[in-house]
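Reviewing the structure listed below.
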Amino acid sequence: MGKAEVGTPKYLANKMKSKGLQKLRWYCQMCQKQCRDENGFKCHTQSESHQRQLLLFADNSGKYIHSFSKEFSDGFMELLRRRFGTKRVSSNKVYQEYISHKDHLHMNATRWLTLSDYVKWLGRSGQCIVDETEKGWFIAYIDRSPEVLEQQAKVARKEKQDKDDEERHMEFINQQVERNKKDGDSAKEVELCEFKRENDDEVVKLEIKAPKIKAESILLKPMKIEKRSVDDDDTRSVRSEKKYKPSSSQKDDGKKLSALDEIIKIEEYKKEKANRKDYWLSEGIVVKLITKSLGDKYYKQKGVVVEVMEKYRAKIKLLETGEKVKIDQSHVETVIPAVGKIVCVLNGAYRGSKATLLSLDQDNFCVTIEIAAGPLKGRVVKSVQYEDVSKLFQE
């Protein structure tokens with residue numbers, strides 16, 4: 001059946017229908033074609049052009065999914081920045097406005113299965129402030145433009161300068177008060193009484209002794225005000241090390257820490273800050289599927305990570321069936337083996353190291369491990385969280 005002629009009622013009806021949004025399940029992202037009903041979508045999937053697009057997608061599926069995900073995220077964040085700014089707003093409201101445009105990129109073509117997964121990813125990547133409430137997920141855009149960052153730095157410097165001046169003034173007043181208190185305590189109290197003579201011929205001698213007053217109590221010493229420069233990264237790191245550095249009076253298992261132990265603890269603290277990431281997948285570890293979106297067949301199945309893709313996704317091989325599936329790290333959890341087995345440290349100070357599992361603390365959901373290789377071989381690390389270690393696959 002041919003197309004309706006221009007100006008006919010059928011032509012006008014088709015134009016009116018094409019303006020509105022159609023059902024998502026009848027949309028082909030690769031061909032960018034929207035079908036009106038199930039029959040039209042079926043005919044499109046059997047067409048030669050669609051089959052060619054599928055062959056292109058099969059050759060490099062990761063490239064297409066990455067480009068679709070980037071395009072969707074860029075459009076969503078641009079709408080959030082332009083429409084709402086840095087205000088706190090419901091993620092579903094922003095999404096409804098985004099999909100109201102007919103030519104938007106659909107989420108089912110991206111690597112995020114649901115809007116909640118995408119919102120969590122925004123929070124992990126530091127693009128938005130994310131919080132979950134009874135009414136759903138709420139997000140707030142973090143503006144990192146150079147103008148905003150410069151303005152924030154100016155405000156922070158001004159507040160720091162005002163605070164420093166106020167602290168110096170209050171410290172000066174407190175020192176004066178303490179000196180006055182000391183001077184008052186040192187002065188002896190004199191009781192006043194009526195002067196009486198026993199004999200009229202008696203010569204009265206008055207001996208007045210002035211109390212010895214130190215020169216320090218009369219002349220106030222000028223305060224020494226330390227010059228402070230603007231904090232940079234190196235200064236902050238040194239101060240954080242001094243703040244964390246344990247004193248010699250601290251005890252570990254009833255024993256005083258030696259200088260070497262203190263140095264090791266400081267290095268562990270620095271490594272913990274540097275190696276703590278929001279992604280933890282690693283090749284060769286055993287994980288357990290905890291999502292039901294793949295079906296009950298794969299639910300709670302264990303597999304070994306064969307390949308890590310884009311930090312947050314991986315290809316795993318199931319241990320029972322040998323099938324290979326692609327999953328996101330939010331759909332799996334770590335596996336804790338029996339005591340004495342080898343594990344891989346996935347996050348924290350010893351990220352990427354192999355270790356031996358020594359004991360389990362099921363009440364606090366943590367383990368004690370011993371580093372099995374490297375320069376710190378034999379180092380015992382306590383209170384390591386379950387999600388920071390996983391069983392290492394061994395054939």
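Ordering of the structure tokens sets the chain letters (A, B, ...), residue numbers begin anew at 1 in every chain, and ligands are numbered from 1 in the order given.
Of all the residues in region 27-103 of chain A, the ones DSSP labels as strand (DSSP E or B) from the backbone are Tyr27, Cys28, Lys33, Gln34, Arg88, Val89 and Ser90 of chain A.
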| Which residues come within 8 Å of region 56-67 of chain A, counting only C-alpha atoms, excluding same-chain residues fewer than 5 positions away, as a list in words? |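 Listed by chain and then number, they are Ala109, Thr110 and Arg111 of chain A.
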Saved selection, atoms kept: N, CA and C atoms, as a short mmCIF file (atom, residue, chain, number, x, y, z; two decimals), in the first residue's frame:
```cif
data_model
loop_
_atom_site.label_atom_id
_atom_site.label_comp_id
_atom_site.auth_asym_id
_atom_site.auth_seq_id
_atom_site.Cartn_x
_atom_site.Cartn_y
_atom_site.Cartn_z
N ALA A 109 19.37 1.27 25.32
CA ALA A 109 20.53 1.08 24.46
C ALA A 109 21.83 1.34 25.20
N THR A 110 21.78 1.76 26.46
CA THR A 110 22.98 2.07 27.23
C THR A 110 23.37 0.90 28.13
N ARG A 111 24.44 1.10 28.89
CA ARG A 111 24.90 0.04 29.78
C ARG A 111 24.19 0.03 31.12
#
```
| query | Nearest to Cys344 (chain A) among A:Asn14, A:Ser330, A:Thr356, A:Asn180, with distances taken over only C-alpha atoms: which residue is it? | reply |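 For Cys344 (chain A), the nearest of the candidates is A:Thr356.
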| task | Considering only C-alpha atoms, return as a VMD selection string whatever protein or nucleic-acid residues lie within 12 Å of Tyr312 (chain A), sequence-local ones (same chain, fewer than 4 positions apart) excluded. | result | chain A and resid 111 to 112 117 121 124 to 125 277 to 282 307 to 308 326 to 332
Just to be explicit: take each residue in the selection above, keep N, CA, C and O atoms, and write the result as a PDB file, in the first residue's frame.
```pdb
ATOM      1  N   ARG A 111      24.437   1.102  28.888  1.00  0.00           N
ATOM      2  CA  ARG A 111      24.904   0.036  29.780  1.00  0.00           C
ATOM      3  C   ARG A 111      24.188   0.033  31.123  1.00  0.00           C
ATOM      4  O   ARG A 111      24.454  -0.809  31.971  1.00  0.00           O
ATOM      5  N   TRP A 112      23.279   1.000  31.334  1.00  0.00           N
ATOM      6  CA  TRP A 112      22.512   1.049  32.568  1.00  0.00           C
ATOM      7  C   TRP A 112      21.144   0.421  32.339  1.00  0.00           C
ATOM      8  O   TRP A 112      20.419   0.808  31.402  1.00  0.00           O
ATOM      9  N   ASP A 117      20.294   2.664  38.575  1.00  0.00           N
ATOM     10  CA  ASP A 117      21.697   2.336  38.315  1.00  0.00           C
ATOM     11  C   ASP A 117      22.447   3.535  37.753  1.00  0.00           C
ATOM     12  O   ASP A 117      23.604   3.799  38.117  1.00  0.00           O
ATOM     13  N   TRP A 121      25.567   5.621  39.473  1.00  0.00           N
ATOM     14  CA  TRP A 121      26.813   5.851  38.746  1.00  0.00           C
ATOM     15  C   TRP A 121      27.190   7.325  38.781  1.00  0.00           C
ATOM     16  O   TRP A 121      28.376   7.659  38.902  1.00  0.00           O
ATOM     17  N   ARG A 124      28.787   7.898  42.136  1.00  0.00           N
ATOM     18  CA  ARG A 124      30.127   7.322  42.246  1.00  0.00           C
ATOM     19  C   ARG A 124      31.160   8.118  41.458  1.00  0.00           C
ATOM     20  O   ARG A 124      32.304   8.259  41.880  1.00  0.00           O
ATOM     21  N   SER A 125      30.768   8.624  40.297  1.00  0.00           N
ATOM     22  CA  SER A 125      31.707   9.372  39.464  1.00  0.00           C
ATOM     23  C   SER A 125      31.872  10.813  39.914  1.00  0.00           C
ATOM     24  O   SER A 125      32.686  11.546  39.335  1.00  0.00           O
ATOM     25  N   LYS A 277      39.131   3.067  45.598  1.00  0.00           N
ATOM     26  CA  LYS A 277      38.368   3.436  44.402  1.00  0.00           C
ATOM     27  C   LYS A 277      36.927   2.931  44.539  1.00  0.00           C
ATOM     28  O   LYS A 277      36.607   2.135  45.419  1.00  0.00           O
ATOM     29  N   ASP A 278      36.066   3.427  43.602  1.00  0.00           N
ATOM     30  CA  ASP A 278      34.678   2.958  43.602  1.00  0.00           C
ATOM     31  C   ASP A 278      34.472   1.778  42.667  1.00  0.00           C
ATOM     32  O   ASP A 278      33.350   1.296  42.519  1.00  0.00           O
ATOM     33  N   TYR A 279      35.541   1.293  42.034  1.00  0.00           N
ATOM     34  CA  TYR A 279      35.462   0.080  41.221  1.00  0.00           C
ATOM     35  C   TYR A 279      36.458  -0.936  41.776  1.00  0.00           C
ATOM     36  O   TYR A 279      37.527  -0.576  42.246  1.00  0.00           O
ATOM     37  N   TRP A 280      36.103  -2.234  41.707  1.00  0.00           N
ATOM     38  CA  TRP A 280      36.930  -3.231  42.380  1.00  0.00           C
ATOM     39  C   TRP A 280      37.109  -4.520  41.586  1.00  0.00           C
ATOM     40  O   TRP A 280      37.800  -5.438  42.027  1.00  0.00           O
ATOM     41  N   LEU A 281      36.496  -4.644  40.417  1.00  0.00           N
ATOM     42  CA  LEU A 281      36.596  -5.884  39.644  1.00  0.00           C
ATOM     43  C   LEU A 281      38.048  -6.141  39.233  1.00  0.00           C
ATOM     44  O   LEU A 281      38.783  -5.214  38.884  1.00  0.00           O
ATOM     45  N   SER A 282      38.437  -7.415  39.250  1.00  0.00           N
ATOM     46  CA  SER A 282      39.795  -7.798  38.879  1.00  0.00           C
ATOM     47  C   SER A 282      39.758  -9.184  38.239  1.00  0.00           C
ATOM     48  O   SER A 282      38.934 -10.039  38.618  1.00  0.00           O
ATOM     49  N   GLU A 307      37.514 -11.169  32.011  1.00  0.00           N
ATOM     50  CA  GLU A 307      37.960  -9.907  31.413  1.00  0.00           C
ATOM     51  C   GLU A 307      37.218  -8.749  32.070  1.00  0.00           C
ATOM     52  O   GLU A 307      36.011  -8.845  32.324  1.00  0.00           O
ATOM     53  N   VAL A 308      37.932  -7.653  32.361  1.00  0.00           N
ATOM     54  CA  VAL A 308      37.340  -6.442  32.937  1.00  0.00           C
ATOM     55  C   VAL A 308      37.200  -5.405  31.834  1.00  0.00           C
ATOM     56  O   VAL A 308      38.163  -5.119  31.114  1.00  0.00           O
ATOM     57  N   LYS A 326      28.132 -11.127  30.470  1.00  0.00           N
ATOM     58  CA  LYS A 326      28.642  -9.797  30.784  1.00  0.00           C
ATOM     59  C   LYS A 326      27.774  -9.189  31.874  1.00  0.00           C
ATOM     60  O   LYS A 326      26.553  -9.169  31.761  1.00  0.00           O
ATOM     61  N   ILE A 327      28.413  -8.668  32.914  1.00  0.00           N
ATOM     62  CA  ILE A 327      27.672  -8.130  34.062  1.00  0.00           C
ATOM     63  C   ILE A 327      28.299  -6.824  34.521  1.00  0.00           C
ATOM     64  O   ILE A 327      29.432  -6.502  34.167  1.00  0.00           O
ATOM     65  N   ASP A 328      27.537  -6.079  35.306  1.00  0.00           N
ATOM     66  CA  ASP A 328      28.028  -4.880  35.969  1.00  0.00           C
ATOM     67  C   ASP A 328      28.437  -5.241  37.397  1.00  0.00           C
ATOM     68  O   ASP A 328      27.905  -6.198  37.977  1.00  0.00           O
ATOM     69  N   GLN A 329      29.376  -4.487  37.985  1.00  0.00           N
ATOM     70  CA  GLN A 329      29.866  -4.837  39.322  1.00  0.00           C
ATOM     71  C   GLN A 329      28.773  -4.718  40.392  1.00  0.00           C
ATOM     72  O   GLN A 329      28.877  -5.319  41.451  1.00  0.00           O
ATOM     73  N   SER A 330      27.715  -3.930  40.097  1.00  0.00           N
ATOM     74  CA  SER A 330      26.624  -3.815  41.063  1.00  0.00           C
ATOM     75  C   SER A 330      25.757  -5.069  41.107  1.00  0.00           C
ATOM     76  O   SER A 330      24.933  -5.213  42.000  1.00  0.00           O
ATOM     77  N   HIS A 331      25.947  -5.995  40.165  1.00  0.00           N
ATOM     78  CA  HIS A 331      25.135  -7.207  40.095  1.00  0.00           C
ATOM     79  C   HIS A 331      25.858  -8.420  40.670  1.00  0.00           C
ATOM     80  O   HIS A 331      25.320  -9.536  40.607  1.00  0.00           O
ATOM     81  N   VAL A 332      27.063  -8.234  41.214  1.00  0.00           N
ATOM     82  CA  VAL A 332      27.811  -9.353  41.787  1.00  0.00           C
ATOM     83  C   VAL A 332      28.358  -8.928  43.150  1.00  0.00           C
ATOM     84  O   VAL A 332      28.391  -7.750  43.490  1.00  0.00           O
TER      85      VAL A 332
END
```
Dump as a tab-separated table the rows for residues of region 105-140 of chain A within 7 Å of region 86-95 of chain A: closest atom pair and distance in Å with one decimal, only C-alpha atoms counted, ordered by chain and rising residue number.
```
residue	atom	partner	partner_atom	distance
A:Trp137	CA	A:Ser91	CA	5.9
A:Phe138	CA	A:Ser90	CA	4.3
A:Ile139	CA	A:Arg88	CA	5.6
A:Ala140	CA	A:Arg88	CA	4.4
```
Using only C-alpha atoms, determine which residues lie at most 9 Å from Cys28 (chain A), disregarding the query and same-chain residues fewer than 4 positions distant; provide the list as a compact mmCIF listing (two decimals) with N, CA, C and O atoms, in the first residue's frame.
```txt
# COMPACT_ATOMS: atom_id res chain seq x y z
N LEU A 24 8.25 2.43 23.49
CA LEU A 24 9.69 2.23 23.48
C LEU A 24 10.07 0.86 22.90
O LEU A 24 11.10 0.73 22.26
N GLN A 32 17.67 3.82 14.35
CA GLN A 32 17.00 5.06 14.73
C GLN A 32 15.64 5.18 14.05
O GLN A 32 15.28 6.21 13.47
N LYS A 33 14.89 4.10 14.15
CA LYS A 33 13.57 4.04 13.51
C LYS A 33 12.51 3.70 14.55
O LYS A 33 12.68 2.77 15.34
N GLN A 34 11.44 4.46 14.57
CA GLN A 34 10.32 4.24 15.48
C GLN A 34 9.16 3.63 14.69
O GLN A 34 8.71 4.20 13.71
N CYS A 35 8.70 2.46 15.14
CA CYS A 35 7.55 1.80 14.52
C CYS A 35 6.30 2.06 15.36
O CYS A 35 6.38 2.24 16.58
N PHE A 41 7.11 -3.20 13.55
CA PHE A 41 8.43 -3.49 14.13
C PHE A 41 8.94 -4.86 13.68
O PHE A 41 10.14 -5.03 13.43
N HIS A 44 10.26 -4.50 10.26
CA HIS A 44 11.55 -3.80 10.26
C HIS A 44 12.70 -4.73 10.66
O HIS A 44 13.79 -4.67 10.07
N THR A 45 12.48 -5.57 11.66
CA THR A 45 13.55 -6.48 12.09
C THR A 45 13.92 -7.50 11.03
O THR A 45 15.03 -8.03 11.04
N HIS A 50 18.20 -3.55 8.54
CA HIS A 50 18.33 -3.85 9.96
C HIS A 50 19.33 -4.98 10.19
O HIS A 50 20.11 -4.94 11.15
```
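Distance annotation: of A:Ser116, A:Gln161, A:Gln152, A:Asn275, the residue with the minimal separation from Glu132 (chain A) is A:Ser116; atom set is only C-alpha atoms.
Nearest residue to Arg276 (chain A) among A:Glu147, A:Asp388, A:Asp37, A:Glu48 is A:Asp388, counting only C-alpha atoms.
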